[in-house]
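Inspection log for the structure reproduced underneath, given as structure tokens.
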Amino acid sequence: MRLRNTETNAVQPLEPQSDPVRLYVCGITPYDTTHLGHAFTYVVFDVLVRVLRAAGQPVRYVQNVTDVDDDIIRRARELGTTWDHLADKETTLYADDMAALNVLAPDVFPRASQTIPKIIALIVKLEAQGHAYQRDGNVYFRVGSVADYGRLSRLSRTEMITLSAQRGADPDDPRKQDPLDFVLWQVSALGEPRWESPWGVGRPGWHIECSAMALEHLGPQVDVHGGGSDLIYPHHESEIAQSESATGMRPFARIWVHVGMLRYQGEKMSKSLRNLVLVRDLLPRYDADSIRVLLLRHHYREPWEYTPDQLDDAAAWTARLRAAASRTRNGMGDSALAVRAALEDDLDTSGALHVLEEAIDSGDRDWRAAAELLGLELSDPRLDHEEMKKALGWRAPFHNGGGS
RNA sequence: GGCGAGUUAGCCAAGUGGUAAGGCAGAGGUCUGCAAAACCUCCAUCGCGGGUUCGAAUCCCGCACUCGCCUCCA
């Protein structure tokens, strides 16, 4: 497997190893999911996991849920509910949507709210090392304490400061020593989630939870760290600073994989713009295979624009593939090997689909295993939804009081 | 302003040095009582200008335009 590393901008080999590949993917902030952009990101990593495992490479896949967050608090207030109820509900919906898209569950699916002790311990450590400082119950990461903050996004420190000042970001916060310093821990306002800490009652900042969960579940270094390209700065930049400072080991991630943004109606599909196409609105009309084909027709690094007719197009193509699938045999024929080769070349999914298309045309029948690499079912017998979820490993982990 | 991605037929889209996959739409045809379906055929010289090369959509330089990120967002 070869993958493009955002940090080095080079295609880098992910060599086979006896230990599991440590994969960490930034998950959702559960207050408004799952739109097609989310699906794109997680289907891409699903294919990565499938290809690695099919090659006999064990994988330990961690995907977090950032369920303590300003947006959740705000949205819960708007809806007249509590942050934890909203997060639970949305996380379950997300897991349902992923299962419906035939996305394998991660091995560990940790929530920020259940990682608070680890987060606090990490901040304590950073503070003791001089990488963080406390002011009035808030704790900030001292960006000046690391030499190369900005190396992932390739923004120079000067540029970041200039930008930060231009946007009037936080130079007003007199507690910060540097405008770029970011929050590790903050005082909770009334009605916000709160935990006891050495700095008083508060809640974690945005970036620290990912460092804490990655370190807890995968150790001081990960092989592949993924997420949407909108997370490069500041989120992943800050994760690097926190994690490498705490462990003294670098690089924190050997390969950074970032998935391109999906546009809709001319703009980035995003929760704040409300131009969302939700997976659960598509599923009554399109099967999972068709939706996956739509997504996988695009290379993961490419930003692209969704239009409904593309989905119809993908559905028509998928129908042809399904018709041909009934005549396939299980096995790794030339076509299946070509699909695998395409996927191992920086996840060239559109190339892989092209191989399948040629297989159909030429009458090749030995490509069934290749469809599985892409997570395409291509069969009619649909499992009952709950069975499907169980089979894929999504077990509705967030229901304390029973229910689905 | 910085960084990054992109520009291939009406639309979507593949294609990293040897004279442009595929799909949708469209046109014509086979079949059919008519229609549908199915199948067959037709339909582009690759944003613009230079350069390298025997040869470039593919490499290099410049330009134009589109889009994304820049502490809300996969």
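We label chains A, B, ... in the order they appear in the structure tokens, count residues from 1 in each chain, and number ligands from 1 in the order shown.
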Non-local contacts of segment 60-72 of chain B (8 Å; only C-alpha atoms (C1' of nucleotides); under 5 positions in same chain excluded) as an NGL selection string: (:A and (71 or 160 or 163 or 169 or 182 or 229-230 or 232-234 or 261 or 268 or 272 or 303)) or (:B and (4-7 or 47-52))
Those of segment 234-338 of chain A in DSSP helix (DSSP H, G or I), formatted as a compact mmCIF listing (two decimals) with N, CA, C and O atoms, in the first residue's frame:
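Below you can see part.txt, which holds the result:
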# COMPACT_ATOMS: atom_id res chain seq x y z
N PRO A 234 -6.65 24.08 12.08
CA PRO A 234 -5.62 23.92 13.10
C PRO A 234 -5.64 22.55 13.80
O PRO A 234 -4.74 22.25 14.57
N HIS A 235 -6.67 21.75 13.52
CA HIS A 235 -6.88 20.58 14.37
C HIS A 235 -5.69 19.62 14.35
O HIS A 235 -5.14 19.27 15.40
N HIS A 236 -5.31 19.17 13.17
CA HIS A 236 -4.23 18.19 13.13
C HIS A 236 -2.87 18.81 13.45
O HIS A 236 -2.00 18.16 14.02
N GLU A 237 -2.72 20.05 13.07
CA GLU A 237 -1.50 20.77 13.43
C GLU A 237 -1.34 20.77 14.96
O GLU A 237 -0.25 20.53 15.49
N SER A 238 -2.43 21.02 15.62
CA SER A 238 -2.39 21.11 17.09
C SER A 238 -2.22 19.73 17.71
O SER A 238 -1.56 19.57 18.74
N GLU A 239 -2.83 18.73 17.09
CA GLU A 239 -2.66 17.36 17.58
C GLU A 239 -1.19 16.94 17.55
O GLU A 239 -0.70 16.30 18.48
N ILE A 240 -0.53 17.31 16.47
CA ILE A 240 0.90 16.99 16.36
C ILE A 240 1.66 17.65 17.50
O ILE A 240 2.47 17.02 18.19
N ALA A 241 1.39 18.93 17.71
CA ALA A 241 2.11 19.68 18.75
C ALA A 241 1.89 19.05 20.12
O ALA A 241 2.84 18.83 20.88
N GLN A 242 0.65 18.73 20.43
CA GLN A 242 0.33 18.15 21.73
C GLN A 242 0.97 16.78 21.90
O GLN A 242 1.61 16.48 22.92
N SER A 243 0.76 15.94 20.91
CA SER A 243 1.18 14.54 21.04
C SER A 243 2.70 14.41 21.07
O SER A 243 3.26 13.70 21.91
N GLU A 244 3.37 15.10 20.16
CA GLU A 244 4.83 14.98 20.11
C GLU A 244 5.47 15.61 21.34
O GLU A 244 6.50 15.13 21.83
N SER A 245 4.86 16.68 21.84
CA SER A 245 5.39 17.30 23.05
C SER A 245 5.27 16.33 24.23
O SER A 245 6.20 16.19 25.03
N ALA A 246 4.14 15.66 24.32
CA ALA A 246 3.90 14.78 25.46
C ALA A 246 4.78 13.53 25.41
O ALA A 246 5.29 13.08 26.43
N THR A 247 4.93 12.97 24.22
CA THR A 247 5.64 11.69 24.13
C THR A 247 7.13 11.86 23.84
O THR A 247 7.92 10.94 24.09
N VAL A 279 -27.31 11.07 4.20
CA VAL A 279 -27.33 9.68 3.75
C VAL A 279 -28.70 9.05 4.01
O VAL A 279 -29.23 8.32 3.18
N ARG A 280 -29.27 9.37 5.15
CA ARG A 280 -30.54 8.70 5.48
C ARG A 280 -31.69 9.18 4.60
O ARG A 280 -32.72 8.53 4.52
N ASP A 281 -31.51 10.31 3.93
CA ASP A 281 -32.52 10.75 2.97
C ASP A 281 -32.35 10.07 1.62
O ASP A 281 -33.28 10.00 0.82
N LEU A 282 -31.14 9.61 1.38
CA LEU A 282 -30.84 8.95 0.11
C LEU A 282 -31.20 7.46 0.15
O LEU A 282 -31.60 6.87 -0.85
N ALA A 288 -27.09 0.90 -0.98
CA ALA A 288 -25.76 1.26 -0.47
C ALA A 288 -24.70 1.14 -1.55
O ALA A 288 -23.79 1.98 -1.65
N ASP A 289 -24.79 0.11 -2.36
CA ASP A 289 -23.77 -0.08 -3.41
C ASP A 289 -23.72 1.14 -4.34
O ASP A 289 -22.64 1.61 -4.70
N SER A 290 -24.88 1.63 -4.73
CA SER A 290 -24.91 2.77 -5.65
C SER A 290 -24.28 4.00 -5.01
O SER A 290 -23.56 4.76 -5.66
N ILE A 291 -24.58 4.20 -3.73
CA ILE A 291 -24.01 5.37 -3.05
C ILE A 291 -22.50 5.21 -2.92
O ILE A 291 -21.73 6.16 -3.12
N ARG A 292 -22.06 4.00 -2.61
CA ARG A 292 -20.61 3.78 -2.52
C ARG A 292 -19.94 3.97 -3.88
O ARG A 292 -18.85 4.55 -3.96
N VAL A 293 -20.59 3.50 -4.93
CA VAL A 293 -20.01 3.68 -6.27
C VAL A 293 -19.89 5.17 -6.58
O VAL A 293 -18.86 5.64 -7.08
N LEU A 294 -20.94 5.92 -6.27
CA LEU A 294 -20.88 7.37 -6.50
C LEU A 294 -19.65 7.96 -5.81
O LEU A 294 -18.88 8.72 -6.41
N LEU A 295 -19.46 7.60 -4.56
CA LEU A 295 -18.34 8.17 -3.78
C LEU A 295 -17.00 7.67 -4.30
O LEU A 295 -16.05 8.44 -4.46
N LEU A 296 -16.93 6.37 -4.58
CA LEU A 296 -15.64 5.78 -4.94
C LEU A 296 -15.22 6.11 -6.37
O LEU A 296 -14.09 5.85 -6.76
N PRO A 308 -27.34 15.43 -8.12
CA PRO A 308 -28.21 14.26 -8.03
C PRO A 308 -28.09 13.33 -9.25
O PRO A 308 -28.20 12.11 -9.11
N ASP A 309 -27.88 13.89 -10.43
CA ASP A 309 -27.83 13.00 -11.60
C ASP A 309 -26.59 12.12 -11.59
O ASP A 309 -26.58 11.05 -12.20
N GLN A 310 -25.55 12.55 -10.88
CA GLN A 310 -24.39 11.66 -10.73
C GLN A 310 -24.78 10.39 -9.98
O GLN A 310 -24.26 9.32 -10.24
N LEU A 311 -25.69 10.57 -9.03
CA LEU A 311 -26.11 9.41 -8.25
C LEU A 311 -26.97 8.48 -9.11
O LEU A 311 -26.83 7.26 -9.04
N ASP A 312 -27.83 9.06 -9.93
CA ASP A 312 -28.62 8.23 -10.85
C ASP A 312 -27.69 7.47 -11.80
O ASP A 312 -27.90 6.30 -12.10
N ASP A 313 -26.69 8.18 -12.25
CA ASP A 313 -25.69 7.59 -13.13
C ASP A 313 -24.99 6.41 -12.44
O ASP A 313 -24.87 5.31 -12.99
N ALA A 314 -24.59 6.66 -11.22
CA ALA A 314 -23.91 5.62 -10.45
C ALA A 314 -24.83 4.43 -10.21
O ALA A 314 -24.41 3.27 -10.27
N ALA A 315 -26.10 4.71 -9.97
CA ALA A 315 -27.06 3.63 -9.73
C ALA A 315 -27.24 2.77 -10.97
O ALA A 315 -27.32 1.53 -10.89
N ALA A 316 -27.29 3.41 -12.13
CA ALA A 316 -27.45 2.66 -13.38
C ALA A 316 -26.23 1.77 -13.61
O ALA A 316 -26.34 0.61 -13.99
N TRP A 317 -25.07 2.31 -13.35
CA TRP A 317 -23.84 1.56 -13.54
C TRP A 317 -23.78 0.40 -12.56
O TRP A 317 -23.38 -0.72 -12.91
N THR A 318 -24.19 0.67 -11.33
CA THR A 318 -24.18 -0.37 -10.30
C THR A 318 -25.12 -1.52 -10.67
O THR A 318 -24.83 -2.69 -10.40
N ALA A 319 -26.23 -1.18 -11.29
CA ALA A 319 -27.17 -2.21 -11.71
C ALA A 319 -26.51 -3.15 -12.73
O ALA A 319 -26.71 -4.37 -12.69
N ARG A 320 -25.74 -2.59 -13.62
CA ARG A 320 -25.03 -3.42 -14.59
C ARG A 320 -24.03 -4.32 -13.89
O ARG A 320 -23.88 -5.50 -14.22
N LEU A 321 -23.33 -3.73 -12.93
CA LEU A 321 -22.32 -4.50 -12.20
C LEU A 321 -22.99 -5.64 -11.43
O LEU A 321 -22.50 -6.77 -11.40
N ARG A 322 -24.14 -5.33 -10.84
CA ARG A 322 -24.86 -6.35 -10.06
C ARG A 322 -25.32 -7.49 -10.97
O ARG A 322 -25.23 -8.66 -10.61
N ALA A 323 -25.82 -7.12 -12.15
CA ALA A 323 -26.27 -8.14 -13.08
C ALA A 323 -25.11 -9.06 -13.47
O ALA A 323 -25.25 -10.28 -13.53
N ALA A 324 -23.94 -8.45 -13.68
CA ALA A 324 -22.78 -9.26 -14.06
C ALA A 324 -22.27 -10.07 -12.86
O ALA A 324 -21.73 -11.17 -13.04
N ALA A 325 -22.50 -9.56 -11.67
CA ALA A 325 -21.97 -10.23 -10.46
C ALA A 325 -22.59 -11.60 -10.26
O ALA A 325 -21.96 -12.50 -9.71
N ASP A 334 -7.41 -12.15 -12.82
CA ASP A 334 -6.60 -11.01 -13.24
C ASP A 334 -7.26 -9.68 -12.91
O ASP A 334 -6.61 -8.74 -12.47
N SER A 335 -8.56 -9.64 -13.12
CA SER A 335 -9.27 -8.39 -12.85
C SER A 335 -9.21 -8.04 -11.37
O SER A 335 -8.99 -6.89 -10.99
N ALA A 336 -9.43 -9.04 -10.53
CA ALA A 336 -9.40 -8.79 -9.09
C ALA A 336 -8.01 -8.32 -8.66
O ALA A 336 -7.87 -7.43 -7.83
N LEU A 337 -7.00 -8.92 -9.26
CA LEU A 337 -5.63 -8.50 -8.92
C LEU A 337 -5.38 -7.06 -9.38
O LEU A 337 -4.71 -6.29 -8.69
N ALA A 338 -5.96 -6.73 -10.54
CA ALA A 338 -5.78 -5.36 -11.05
C ALA A 338 -6.50 -4.35 -10.15
O ALA A 338 -6.02 -3.24 -9.93
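With distances taken over only C-alpha atoms (C1' of nucleotides), A:Leu353 is the one residue among A:Ile116, A:Val11, A:Leu353, A:Met249 lying closest to chain B.
Of note, atom CA of Asn275 of chain A and atom CA of Leu36 of chain A are spaced 10.7 Å apart.
The spacing separating atom CA of Glu78 of chain A from atom CA of Leu273 of chain A amounts to 16.6 Å.
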Those in segment 33-139 of chain A with strand (DSSP E or B) from DSSP, as a short mmCIF file (atom, residue, chain, number, x, y, z; two decimals) with all heavy atoms, in the first residue's frame:
data_model
loop_
_atom_site.label_atom_id
_atom_site.label_comp_id
_atom_site.auth_asym_id
_atom_site.auth_seq_id
_atom_site.Cartn_x
_atom_site.Cartn_y
_atom_site.Cartn_z
N HIS A 35 -23.92 13.44 6.58
CA HIS A 35 -24.10 13.88 5.20
C HIS A 35 -23.12 13.15 4.28
O HIS A 35 -22.26 12.40 4.73
CB HIS A 35 -24.02 15.41 5.10
CG HIS A 35 -22.66 15.99 5.41
ND1 HIS A 35 -22.44 16.80 6.51
CD2 HIS A 35 -21.50 15.89 4.77
CE1 HIS A 35 -21.17 17.17 6.50
NE2 HIS A 35 -20.57 16.63 5.48
N VAL A 59 -5.11 -4.76 11.26
CA VAL A 59 -5.31 -3.32 11.41
C VAL A 59 -5.99 -3.07 12.75
O VAL A 59 -6.90 -3.81 13.12
CB VAL A 59 -6.21 -2.75 10.30
CG1 VAL A 59 -6.45 -1.26 10.50
CG2 VAL A 59 -5.61 -3.00 8.92
N ARG A 60 -5.54 -2.07 13.47
CA ARG A 60 -6.27 -1.62 14.65
C ARG A 60 -6.79 -0.23 14.31
O ARG A 60 -6.02 0.72 14.17
CB ARG A 60 -5.37 -1.58 15.88
CG ARG A 60 -6.10 -1.13 17.15
CD ARG A 60 -5.25 -1.44 18.38
NE ARG A 60 -5.74 -0.82 19.60
CZ ARG A 60 -6.76 -1.29 20.33
NH1 ARG A 60 -7.38 -2.38 19.96
NH2 ARG A 60 -7.13 -0.66 21.43
N TYR A 61 -8.09 -0.14 14.16
CA TYR A 61 -8.74 1.07 13.65
C TYR A 61 -9.48 1.78 14.77
O TYR A 61 -10.43 1.25 15.33
CB TYR A 61 -9.68 0.67 12.51
CG TYR A 61 -10.49 1.78 11.87
CD1 TYR A 61 -10.21 3.13 12.06
CD2 TYR A 61 -11.56 1.47 11.02
CE1 TYR A 61 -10.95 4.13 11.45
CE2 TYR A 61 -12.31 2.45 10.40
CZ TYR A 61 -12.01 3.77 10.63
OH TYR A 61 -12.76 4.75 10.01
N VAL A 62 -9.03 2.99 15.06
CA VAL A 62 -9.68 3.80 16.08
C VAL A 62 -10.32 5.01 15.41
O VAL A 62 -9.68 5.71 14.63
CB VAL A 62 -8.67 4.30 17.14
CG1 VAL A 62 -9.37 5.19 18.17
CG2 VAL A 62 -8.00 3.12 17.83
N GLN A 63 -11.58 5.20 15.70
CA GLN A 63 -12.28 6.40 15.20
C GLN A 63 -13.02 7.03 16.36
O GLN A 63 -13.83 6.38 17.02
CB GLN A 63 -13.25 6.01 14.09
CG GLN A 63 -13.98 7.20 13.49
CD GLN A 63 -15.08 6.79 12.53
OE1 GLN A 63 -14.89 5.96 11.67
NE2 GLN A 63 -16.25 7.35 12.70
N VAL A 65 -15.26 9.98 18.61
CA VAL A 65 -16.44 10.83 18.54
C VAL A 65 -16.19 12.03 19.46
O VAL A 65 -15.96 11.85 20.65
CB VAL A 65 -17.70 10.07 19.03
CG1 VAL A 65 -18.91 11.01 19.02
CG2 VAL A 65 -17.97 8.86 18.15
N VAL A 108 -12.14 0.40 17.79
CA VAL A 108 -12.42 1.20 18.98
C VAL A 108 -13.12 2.46 18.52
O VAL A 108 -12.70 3.09 17.55
CB VAL A 108 -11.11 1.57 19.73
CG1 VAL A 108 -11.45 2.16 21.09
CG2 VAL A 108 -10.21 0.36 19.88
N ARG A 111 -15.45 7.88 22.86
CA ARG A 111 -16.05 9.19 22.97
C ARG A 111 -15.19 10.10 23.85
O ARG A 111 -14.66 9.65 24.87
CB ARG A 111 -17.44 9.08 23.60
CG ARG A 111 -18.47 8.50 22.69
CD ARG A 111 -19.85 8.66 23.25
NE ARG A 111 -20.07 7.83 24.42
CZ ARG A 111 -21.22 7.85 25.11
NH1 ARG A 111 -22.19 8.66 24.77
NH2 ARG A 111 -21.36 7.06 26.15
N ALA A 132 2.38 23.92 28.46
CA ALA A 132 1.06 24.49 28.70
C ALA A 132 1.10 25.37 29.95
O ALA A 132 1.96 25.20 30.80
CB ALA A 132 0.03 23.38 28.87
N TYR A 133 0.17 26.30 30.02
CA TYR A 133 0.10 27.18 31.19
C TYR A 133 -1.34 27.47 31.53
O TYR A 133 -2.22 27.48 30.66
CB TYR A 133 0.87 28.49 30.94
CG TYR A 133 0.41 29.23 29.70
CD1 TYR A 133 -0.55 30.24 29.78
CD2 TYR A 133 0.94 28.92 28.45
CE1 TYR A 133 -0.98 30.92 28.64
CE2 TYR A 133 0.53 29.60 27.31
CZ TYR A 133 -0.43 30.59 27.41
OH TYR A 133 -0.85 31.24 26.27
N GLN A 134 -1.57 27.72 32.79
CA GLN A 134 -2.92 27.94 33.26
C GLN A 134 -3.16 29.41 33.57
O GLN A 134 -2.28 30.09 34.10
CB GLN A 134 -3.13 27.12 34.55
CG GLN A 134 -4.57 27.07 34.98
CD GLN A 134 -4.80 27.64 36.38
OE1 GLN A 134 -5.82 28.27 36.64
NE2 GLN A 134 -3.85 27.44 37.29
N ARG A 135 -4.33 29.91 33.20
CA ARG A 135 -4.73 31.28 33.54
C ARG A 135 -6.22 31.26 33.88
O ARG A 135 -7.04 30.93 33.04
CB ARG A 135 -4.52 32.24 32.36
CG ARG A 135 -3.07 32.47 31.95
CD ARG A 135 -2.33 33.38 32.93
NE ARG A 135 -0.98 33.66 32.47
CZ ARG A 135 0.06 32.82 32.58
NH1 ARG A 135 -0.11 31.64 33.16
NH2 ARG A 135 1.25 33.16 32.12
N ASN A 138 -8.39 28.38 32.88
CA ASN A 138 -8.19 27.91 31.51
C ASN A 138 -6.75 27.45 31.36
O ASN A 138 -5.85 28.01 31.98
CB ASN A 138 -8.42 29.03 30.49
CG ASN A 138 -9.87 29.45 30.41
OD1 ASN A 138 -10.74 28.80 31.00
ND2 ASN A 138 -10.14 30.53 29.71
N VAL A 139 -6.54 26.43 30.53
CA VAL A 139 -5.18 26.00 30.25
C VAL A 139 -4.94 26.13 28.75
O VAL A 139 -5.78 25.71 27.94
CB VAL A 139 -4.96 24.54 30.68
CG1 VAL A 139 -3.49 24.15 30.48
CG2 VAL A 139 -5.35 24.34 32.15
#
